[in-house]
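Undergrad: Got a structure for you, model02.cif, holding mmCIF, C-alpha atoms and all ligand atoms.
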```cif
data_structure
#
loop_
_atom_site.label_atom_id
_atom_site.label_comp_id
_atom_site.auth_asym_id
_atom_site.auth_seq_id
_atom_site.Cartn_x
_atom_site.Cartn_y
_atom_site.Cartn_z
CA SER N 13 -82.95 -139.70 71.24
CA ILE N 14 -82.63 -138.33 74.75
CA PRO N 15 -80.88 -134.96 75.02
CA LEU N 16 -77.61 -135.19 76.92
CA GLY N 17 -78.80 -132.60 79.45
CA PHE N 18 -81.27 -135.10 80.89
CA PHE N 19 -78.42 -137.37 81.97
CA GLY N 20 -76.90 -134.39 83.75
CA GLY N 21 -80.23 -133.74 85.48
CA ILE N 22 -80.68 -137.37 86.55
CA GLY N 23 -77.05 -137.48 87.73
CA GLY N 24 -77.42 -134.24 89.67
CA ALA N 25 -80.61 -135.52 91.31
CA SER N 26 -78.94 -138.77 92.30
CA LYS N 27 -76.16 -136.80 94.03
CA SER N 28 -78.95 -135.25 96.14
CA GLY N 29 -80.31 -138.70 96.98
CA ILE N 30 -83.15 -138.50 94.47
CA LEU N 31 -83.42 -141.52 92.17
CA ILE N 32 -85.34 -140.63 88.98
CA LYS N 33 -86.18 -143.70 86.91
CA GLY N 34 -86.14 -142.09 83.47
CA SER N 35 -85.86 -138.86 81.53
CA ASN N 36 -89.65 -138.81 80.98
CA TYR N 37 -90.20 -138.47 84.74
CA LEU N 38 -87.50 -135.84 85.06
CA GLU N 39 -89.26 -133.87 82.31
CA ALA N 40 -92.74 -134.39 83.81
CA LEU N 41 -91.69 -133.11 87.25
CA ALA N 42 -91.39 -129.56 85.84
CA GLU N 43 -95.14 -129.71 85.12
CA ALA N 44 -96.17 -130.88 88.59
CA GLU N 45 -99.52 -129.25 89.42
CA ILE N 46 -101.08 -131.30 92.23
CA ILE N 47 -99.12 -132.98 95.02
CA VAL N 48 -100.97 -135.74 96.84
CA PHE N 49 -99.50 -137.13 100.07
CA ASP N 50 -100.16 -140.28 102.01
CA LYS N 51 -100.24 -139.57 105.76
CA THR N 52 -98.82 -142.37 107.88
CA GLY N 53 -95.10 -142.84 107.36
CA THR N 54 -95.03 -140.11 104.71
CA LEU N 55 -96.03 -136.82 106.40
CA THR N 56 -95.91 -138.40 109.87
CA LYS N 57 -93.07 -140.42 111.37
CA GLY N 58 -95.05 -143.65 111.60
CA THR N 59 -93.66 -144.30 115.07
CA PHE N 60 -96.80 -144.23 117.19
CA LYS N 61 -96.70 -143.97 120.97
CA VAL N 62 -99.44 -145.43 123.15
CA SER N 63 -101.26 -142.57 124.86
CA GLU N 64 -104.32 -144.29 126.39
CA ILE N 65 -105.58 -147.83 127.01
CA HIS N 66 -109.33 -148.39 127.51
CA PRO N 67 -109.98 -152.05 128.36
CA VAL N 68 -113.45 -153.61 128.49
CA ASP N 69 -113.78 -156.72 130.73
CA ILE N 70 -110.02 -157.34 130.56
CA SER N 71 -107.00 -155.78 132.27
CA GLU N 72 -104.97 -153.03 130.63
CA SER N 73 -101.87 -155.19 130.43
CA GLU N 74 -103.78 -158.12 128.97
CA LEU N 75 -105.36 -155.88 126.32
CA LEU N 76 -101.97 -154.53 125.31
CA GLU N 77 -100.52 -158.04 125.24
CA MET N 78 -103.30 -159.49 123.07
CA THR N 79 -103.04 -156.50 120.73
CA ALA N 80 -99.26 -156.84 120.39
CA TYR N 81 -99.63 -160.57 119.74
CA ALA N 82 -102.30 -160.00 117.09
CA GLU N 83 -100.12 -157.37 115.42
CA SER N 84 -96.87 -159.32 115.72
CA TYR N 85 -96.64 -160.56 112.13
CA SER N 86 -97.38 -157.24 110.44
CA ASN N 87 -94.86 -154.61 109.33
CA HIS N 88 -97.41 -151.80 109.34
CA PRO N 89 -96.13 -148.77 111.33
CA ILE N 90 -99.04 -149.29 113.79
CA SER N 91 -98.01 -152.91 114.38
CA LEU N 92 -94.35 -152.09 114.87
CA SER N 93 -95.28 -149.40 117.39
CA LEU N 94 -97.63 -151.65 119.39
CA LYS N 95 -95.02 -154.42 119.56
CA LYS N 96 -92.52 -151.86 120.86
CA ALA N 97 -95.00 -150.58 123.46
CA TYR N 98 -95.59 -154.14 124.72
CA ALA N 99 -91.81 -154.35 125.29
CA SER N 100 -91.70 -158.11 125.96
CA ASP N 101 -90.77 -161.01 123.74
CA ILE N 102 -93.55 -162.52 121.68
CA ASP N 103 -94.00 -166.28 122.10
CA ASN N 104 -94.84 -167.29 118.55
CA THR N 105 -96.17 -170.67 119.61
CA ARG N 106 -99.23 -168.86 121.07
CA ILE N 107 -100.14 -167.53 117.60
CA THR N 108 -101.58 -170.00 115.15
CA ASP N 109 -103.07 -167.93 112.37
CA VAL N 110 -102.46 -164.41 111.08
CA GLU N 111 -104.01 -162.22 108.44
CA GLU N 112 -103.43 -158.60 107.45
CA ILE N 113 -106.49 -156.68 106.22
CA PRO N 114 -105.28 -153.55 104.32
CA GLY N 115 -106.91 -150.31 105.44
CA HIS N 116 -108.63 -152.14 108.31
CA GLY N 117 -106.14 -153.87 110.61
CA VAL N 118 -105.18 -157.44 111.46
CA LYS N 119 -106.71 -160.75 112.49
CA ALA N 120 -104.84 -163.45 114.41
CA VAL N 121 -105.56 -166.50 116.51
CA VAL N 122 -103.86 -166.05 119.89
CA ASP N 123 -104.19 -168.69 122.64
CA SER N 124 -106.88 -170.29 120.41
CA LYS N 125 -108.96 -167.09 120.53
CA THR N 126 -109.61 -165.02 117.42
CA VAL N 127 -108.34 -161.46 117.88
CA PHE N 128 -109.15 -158.56 115.58
CA ALA N 129 -107.27 -155.26 115.97
CA GLY N 130 -107.95 -152.25 113.80
CA ASN N 131 -110.37 -149.45 113.03
CA ILE N 132 -114.15 -149.06 113.19
CA LYS N 133 -114.50 -150.40 109.64
CA LEU N 134 -112.88 -153.65 110.80
CA MET N 135 -115.15 -153.89 113.86
CA LYS N 136 -118.25 -153.23 111.71
CA SER N 137 -117.18 -155.95 109.28
CA ILE N 138 -117.28 -158.51 112.11
CA GLY N 139 -120.53 -157.17 113.56
CA ILE N 140 -119.07 -155.37 116.58
CA ASP N 141 -120.60 -152.05 117.47
CA CYS N 142 -118.17 -149.53 118.91
CA ARG N 143 -117.48 -145.84 118.74
CA ASN N 144 -114.41 -143.67 118.33
CA ASN N 145 -114.11 -141.41 121.37
CA ASP N 146 -112.83 -137.92 120.68
CA ALA N 147 -109.21 -138.76 121.48
CA ALA N 148 -106.74 -136.91 119.32
CA GLY N 149 -104.93 -140.06 118.26
CA THR N 150 -105.39 -143.09 116.04
CA ILE N 151 -107.70 -145.61 117.71
CA VAL N 152 -107.00 -149.34 117.53
CA HIS N 153 -110.14 -151.23 118.53
CA VAL N 154 -109.75 -154.82 119.69
CA ALA N 155 -112.16 -157.75 119.67
CA ILE N 156 -111.25 -161.05 121.34
CA GLY N 157 -113.28 -164.20 120.83
CA GLY N 158 -116.12 -162.26 119.23
CA LYS N 159 -116.42 -159.73 122.08
CA TYR N 160 -115.34 -156.11 122.18
CA ALA N 161 -112.26 -155.82 124.44
CA GLY N 162 -111.64 -152.07 124.25
CA CYS N 163 -109.19 -149.87 122.45
CA VAL N 164 -105.64 -148.60 122.48
CA ILE N 165 -105.09 -144.97 121.47
CA ILE N 166 -101.80 -144.25 119.78
CA SER N 167 -100.37 -141.05 118.41
CA ASP N 168 -97.90 -140.26 115.74
CA GLU N 169 -95.89 -137.10 115.17
CA ILE N 170 -95.61 -134.95 112.07
CA LYS N 171 -92.11 -135.21 110.55
CA GLU N 172 -89.91 -132.24 111.43
CA ASP N 173 -89.39 -131.25 107.80
CA ALA N 174 -93.02 -131.70 106.64
CA ALA N 175 -94.09 -128.06 107.02
CA ALA N 176 -90.91 -126.82 105.32
CA ALA N 177 -91.49 -129.32 102.50
CA VAL N 178 -95.04 -128.02 101.92
CA ASN N 179 -93.86 -124.39 101.95
CA LYS N 180 -91.04 -125.18 99.51
CA LEU N 181 -93.58 -126.79 97.15
CA LYS N 182 -95.76 -123.67 97.34
CA ALA N 183 -92.67 -121.59 96.53
CA GLU N 184 -92.15 -123.83 93.46
CA GLY N 185 -95.63 -122.77 92.31
CA ILE N 186 -97.65 -125.80 93.45
CA ASN N 187 -101.09 -124.49 94.35
CA LYS N 188 -102.84 -127.70 95.27
CA THR N 189 -101.62 -129.99 98.04
CA VAL N 190 -103.79 -132.90 99.14
CA MET N 191 -103.59 -135.59 101.82
CA LEU N 192 -105.16 -139.05 101.55
CA THR N 193 -105.39 -141.26 104.60
CA GLY N 194 -106.98 -144.44 105.84
CA ASP N 195 -106.98 -142.94 109.31
CA SER N 196 -109.95 -141.15 110.93
CA LYS N 197 -111.26 -137.75 109.86
CA ALA N 198 -110.23 -136.27 113.23
CA VAL N 199 -106.59 -137.28 112.81
CA GLY N 200 -106.55 -136.46 109.10
CA PHE N 201 -107.91 -132.92 109.57
CA LYS N 202 -105.56 -132.25 112.47
CA VAL N 203 -102.45 -133.13 110.45
CA SER N 204 -103.56 -131.37 107.28
CA SER N 205 -104.49 -128.15 109.08
CA GLN N 206 -101.15 -128.12 110.91
CA LEU N 207 -99.37 -128.35 107.57
CA GLY N 208 -101.65 -125.95 105.69
CA LEU N 209 -102.65 -128.50 103.04
CA ASP N 210 -105.47 -127.53 100.68
CA GLU N 211 -107.56 -130.71 100.81
CA VAL N 212 -107.84 -133.86 102.92
CA TYR N 213 -109.72 -137.12 102.37
CA ALA N 214 -109.87 -139.62 105.26
CA GLU N 215 -111.13 -143.13 106.12
CA LEU N 216 -109.99 -144.39 102.72
CA LEU N 217 -109.18 -147.97 101.79
CA PRO N 218 -106.22 -148.51 99.42
CA SER N 219 -108.74 -148.77 96.53
CA ASP N 220 -110.50 -145.54 97.62
CA LYS N 221 -107.14 -143.78 97.37
CA VAL N 222 -106.95 -144.82 93.72
CA SER N 223 -110.46 -143.42 93.03
CA GLU N 224 -109.60 -140.12 94.78
CA VAL N 225 -106.48 -139.82 92.62
CA GLU N 226 -108.57 -140.51 89.52
CA LYS N 227 -110.96 -137.69 90.48
CA LEU N 228 -108.02 -135.33 91.01
CA LEU N 229 -106.47 -136.36 87.67
CA ALA N 230 -109.72 -135.35 85.98
CA GLN N 231 -109.61 -131.91 87.64
CA LYS N 232 -106.15 -130.78 86.57
CA SER N 233 -105.25 -128.72 83.54
CA GLY N 234 -104.16 -130.43 80.31
CA LYS N 235 -100.42 -130.40 80.76
CA GLY N 236 -100.23 -130.42 84.56
CA LYS N 237 -99.03 -133.53 86.35
CA LEU N 238 -100.32 -135.20 89.51
CA VAL N 239 -97.60 -136.37 91.87
CA PHE N 240 -98.34 -138.91 94.61
CA VAL N 241 -95.93 -139.24 97.52
CA GLY N 242 -96.12 -142.34 99.70
CA ASP N 243 -94.15 -144.63 101.99
CA GLY N 244 -95.37 -147.71 100.19
CA ILE N 245 -97.32 -149.36 102.98
CA ASN N 246 -100.65 -150.04 101.23
CA ASP N 247 -100.07 -147.44 98.53
CA ALA N 248 -98.37 -149.25 95.65
CA PRO N 249 -101.61 -149.13 93.55
CA VAL N 250 -101.94 -145.36 93.91
CA LEU N 251 -98.20 -144.84 93.24
CA SER N 252 -98.66 -146.56 89.87
CA ARG N 253 -101.90 -144.74 89.01
CA SER N 254 -100.42 -141.22 89.44
CA ASP N 255 -98.57 -139.34 86.69
CA ILE N 256 -95.49 -139.42 88.91
CA GLY N 257 -95.22 -141.71 91.95
CA ILE N 258 -92.65 -140.72 94.54
CA ALA N 259 -91.66 -143.23 97.23
CA MET N 260 -89.87 -142.41 100.42
CA GLY N 261 -86.94 -144.82 100.30
CA GLY N 262 -86.05 -144.83 103.98
CA LEU N 263 -89.03 -146.70 105.41
CA GLY N 264 -90.47 -147.59 102.04
CA SER N 265 -91.26 -151.17 101.15
CA ASP N 266 -89.61 -152.92 98.20
CA ALA N 267 -92.99 -152.98 96.47
CA ALA N 268 -93.19 -149.18 96.68
CA ILE N 269 -89.67 -148.64 95.40
CA GLU N 270 -90.60 -150.95 92.52
CA ALA N 271 -93.90 -149.14 91.80
CA ALA N 272 -92.45 -145.63 92.13
CA ASP N 273 -91.05 -143.43 89.36
CA VAL N 274 -88.92 -141.41 91.75
CA VAL N 275 -87.38 -142.58 95.03
CA ILE N 276 -86.19 -140.18 97.74
CA MET N 277 -83.44 -142.29 99.25
CA ASN N 278 -83.01 -140.54 102.61
CA ASP N 279 -86.68 -139.81 103.31
CA GLU N 280 -86.29 -136.00 103.31
CA LEU N 281 -89.63 -134.48 102.28
CA THR N 282 -88.03 -131.21 101.13
CA LYS N 283 -86.39 -133.24 98.32
CA ILE N 284 -89.76 -133.33 96.52
CA ALA N 285 -89.47 -129.60 95.79
CA THR N 286 -85.76 -130.09 95.03
CA SER N 287 -86.62 -132.66 92.36
CA ILE N 288 -89.09 -130.22 90.74
CA SER N 289 -86.49 -127.48 90.74
CA ILE N 290 -83.82 -129.79 89.22
CA SER N 291 -86.34 -130.71 86.53
CA LYS N 292 -87.07 -127.08 85.66
CA LYS N 293 -83.34 -126.25 85.54
CA THR N 294 -82.60 -129.24 83.30
CA LEU N 295 -85.35 -128.26 80.87
CA ARG N 296 -83.99 -124.71 80.68
CA ILE N 297 -80.59 -126.16 79.67
CA VAL N 298 -81.98 -128.75 77.26
CA LYS N 299 -84.52 -126.59 75.42
P1 LIG N 301 -102.55 -144.24 105.92
O1 LIG N 301 -103.51 -144.03 104.83
O2 LIG N 301 -102.69 -143.19 106.98
O3 LIG N 301 -101.14 -144.35 105.44
P2 LIG N 301 -103.20 -147.14 106.11
O4 LIG N 301 -103.93 -147.16 104.82
O5 LIG N 301 -101.96 -147.93 106.18
O6 LIG N 301 -102.95 -145.64 106.64
O7 LIG N 301 -104.17 -147.65 107.27
C1 LIG N 301 -105.41 -147.03 107.43
C2 LIG N 301 -106.03 -147.33 108.76
O8 LIG N 301 -106.30 -148.74 108.86
C3 LIG N 301 -105.16 -147.01 109.96
O9 LIG N 301 -105.27 -145.67 110.36
C4 LIG N 301 -105.75 -147.97 110.98
O10 LIG N 301 -106.94 -147.45 111.52
C5 LIG N 301 -106.08 -149.19 110.18
N1 LIG N 301 -104.97 -150.16 110.16
C6 LIG N 301 -104.21 -150.50 109.10
N2 LIG N 301 -103.29 -151.41 109.43
C7 LIG N 301 -103.45 -151.64 110.76
C8 LIG N 301 -102.81 -152.48 111.71
N3 LIG N 301 -101.80 -153.28 111.38
N4 LIG N 301 -103.27 -152.46 112.97
C9 LIG N 301 -104.29 -151.66 113.33
N5 LIG N 301 -104.93 -150.85 112.50
C10 LIG N 301 -104.53 -150.84 111.23
MG MG N 302 -99.45 -145.30 104.51
#
```
Now that the file is in, can you turn its structure into structure tokens?
Ligand code: ADP
Ligand code: MG

TA:
Amino acid sequence: SIPLGFFGGIGGASKSGILIKGSNYLEALAEAEIIVFDKTGTLTKGTFKVSEIHPVDISESELLEMTAYAESYSNHPISLSLKKAYASDIDNTRITDVEEIPGHGVKAVVDSKTVFAGNIKLMKSIGIDCRNNDAAGTIVHVAIGGKYAGCVIISDEIKEDAAAAVNKLKAEGINKTVMLTGDSKAVGFKVSSQLGLDEVYAELLPSDKVSEVEKLLAQKSGKGKLVFVGDGINDAPVLSRSDIGIAMGGLGSDAAIEAADVVIMNDELTKIATSISISKKTLRIVK
């Protein structure tokens, strides 16, 4: 049977906007040893602003338009931001085919031309040679009709409470914080160093994130638990693979809320440490 105190703990957590899907997860949180974060939409806001446009044999406005059209069917934070930057209505009749390629970008047929928008991995996969310049932001490369059309550089901001959340976790005794991202090494290292995270792994596909988590699971001590925190865009597999999967409920997709063991309803990152502290307090009462 489940000790009564656990219900108190789950109830108390829910009053703080933390949904814990079972007493086993509430108990496990007290043993959290490694906290692994997704970057985009989790540690960063996921609302990218366009900072530079570098067209190749096309005008700036046309490049932005084709990119926004190609991205128009996706709900990825990058897509939403590019549609917003384009700031005009999308005429859906110009788009005849769309495909989302997780960890890479998107493909769409716009005005009967095939458009690819995404990272270097995506460009390589279609045989287009391009380079990331040393811009500080996330680079969206674009190919139209089989030719390189340039790139749009976008930048995201770290969430206001991210640094406080990391410090609170350290104060709770967590001595290993890790970030996993599909974004470039340059962006990944910049964010992780600003937050003082211990480790960062970049340029990962959703499946690579699962293998990184498996490596980290093998490194921890017997009883310690690995917690993964994500926003649910492309990270449902890794949420399920972790000892405890925490989804940010605010932006989080339904799939993530489904796959997660704990949901932070209002998106506040400091609630991760709060949930660990509620768990420890509950165990002191129960045991
Ligand atoms: P993260 O791991 O930072 O949360 P994702 O796994 O969602 O990011 O995406 C990884 C990378 O794949 C992005 O940084 C971007 O380069 C590329 N990408 C993914 N989706 C899109 C998209 N809709 N448009 C352009 N690029 C994308
Ligand atoms: Mg993500």

Undergrad: Would you work out the distance separating atom CA of Ile156 of chain N from atom CA of Asn104 of chain N, expressed in Å to one decimal?

TA: 17.8 Å

Undergrad: With distances taken over all atoms listed in the file, which residue among N:Ile113, N:Ile170, N:Ala272, N:Ala267 lies nearest ligand LIG 301 (chain N)?

TA: N:Ile113

Undergrad: Give as a PyMOL selection string each residue that has an atom at most 12 Å from (-90.6, -130.7, 92.7) in the file, counting only C-alpha atoms.

TA: chain N and resi 25+30+32+37-47+177-186+237-241+256-258+274+276+281-293

Undergrad: List all protein, DNA and RNA residues that have an atom no more than 7 Å from any atom of ligand LIG 301 (chain N), counting all atoms listed in the file, and report them as a VMD selection string.

TA: chain N and resid 50 to 53 83 86 88 90 to 91 112 to 118 129 to 131 150 to 152 192 to 196 216 to 218 245 to 246

Undergrad: Under the rule that all atoms listed in the file are counted, which of N:Thr108, N:Ser63, N:Thr126, N:Asn87 is the nearest residue to ligand MG 302 (chain N)?

TA: N:Asn87

Undergrad: How many Å lie between atom CA of Val250 of chain N and atom CA of Val127 of chain N, rounded to one decimal?

TA: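 Separation of atom CA of Val250 of chain N and atom CA of Val127 of chain N: 29.6 Å.
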
Undergrad: Using all atoms listed in the file for the distances, tell me which of N:Val225, N:Ala175, N:Ala248, N:Met78 is nearest to ligand MG 302 (chain N).

TA: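 Once distances to ligand MG 302 (chain N) are computed over all atoms listed in the file, the minimum belongs to N:Ala248.
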
Undergrad: Determine the nearest neighbour of Val62 of chain N from the options N:Gly149, N:Gly139, N:Gly23, N:Gly236, counting all atoms listed in the file.

TA: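 Among the listed residues, the smallest separation from Val62 of chain N belongs to N:Gly149.
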
Undergrad: Between N:Val48, N:Leu55, N:Glu215, N:Glu64, which is the closest to Val190 of chain N once you count only C-alpha atoms?

TA: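 Closest to Val190 of chain N, using only C-alpha atoms: N:Val48.
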
Undergrad: Could you check how far atom CA of Ala268 of chain N sits from atom CA of Thr59 of chain N, in Å to one decimal?

TA: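 Taking atom CA of Ala268 of chain N as the start and atom CA of Thr59 of chain N as the end point, the length is 19.0 Å.
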
Undergrad: Counting only C-alpha atoms and all ligand atoms, which of N:Ala174, N:Glu77, N:Met260, N:Asn145 gets nearest to ligand MG 302 (chain N)?

TA: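 Residue with the minimum atom-to-atom distance to ligand MG 302 (chain N): N:Met260.
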
Undergrad: List the spatial neighbours of Lys95 of chain N as a list of chain:residue names - criterion: any atom at most 9 Å away, only C-alpha atoms, same-chain residues fewer than 6 positions off excluded.

TA: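 The residues satisfying every condition are N:Glu77, N:Thr79, N:Ala80, N:Tyr81, N:Glu83, N:Ser84, N:Asp101, N:Ile102.
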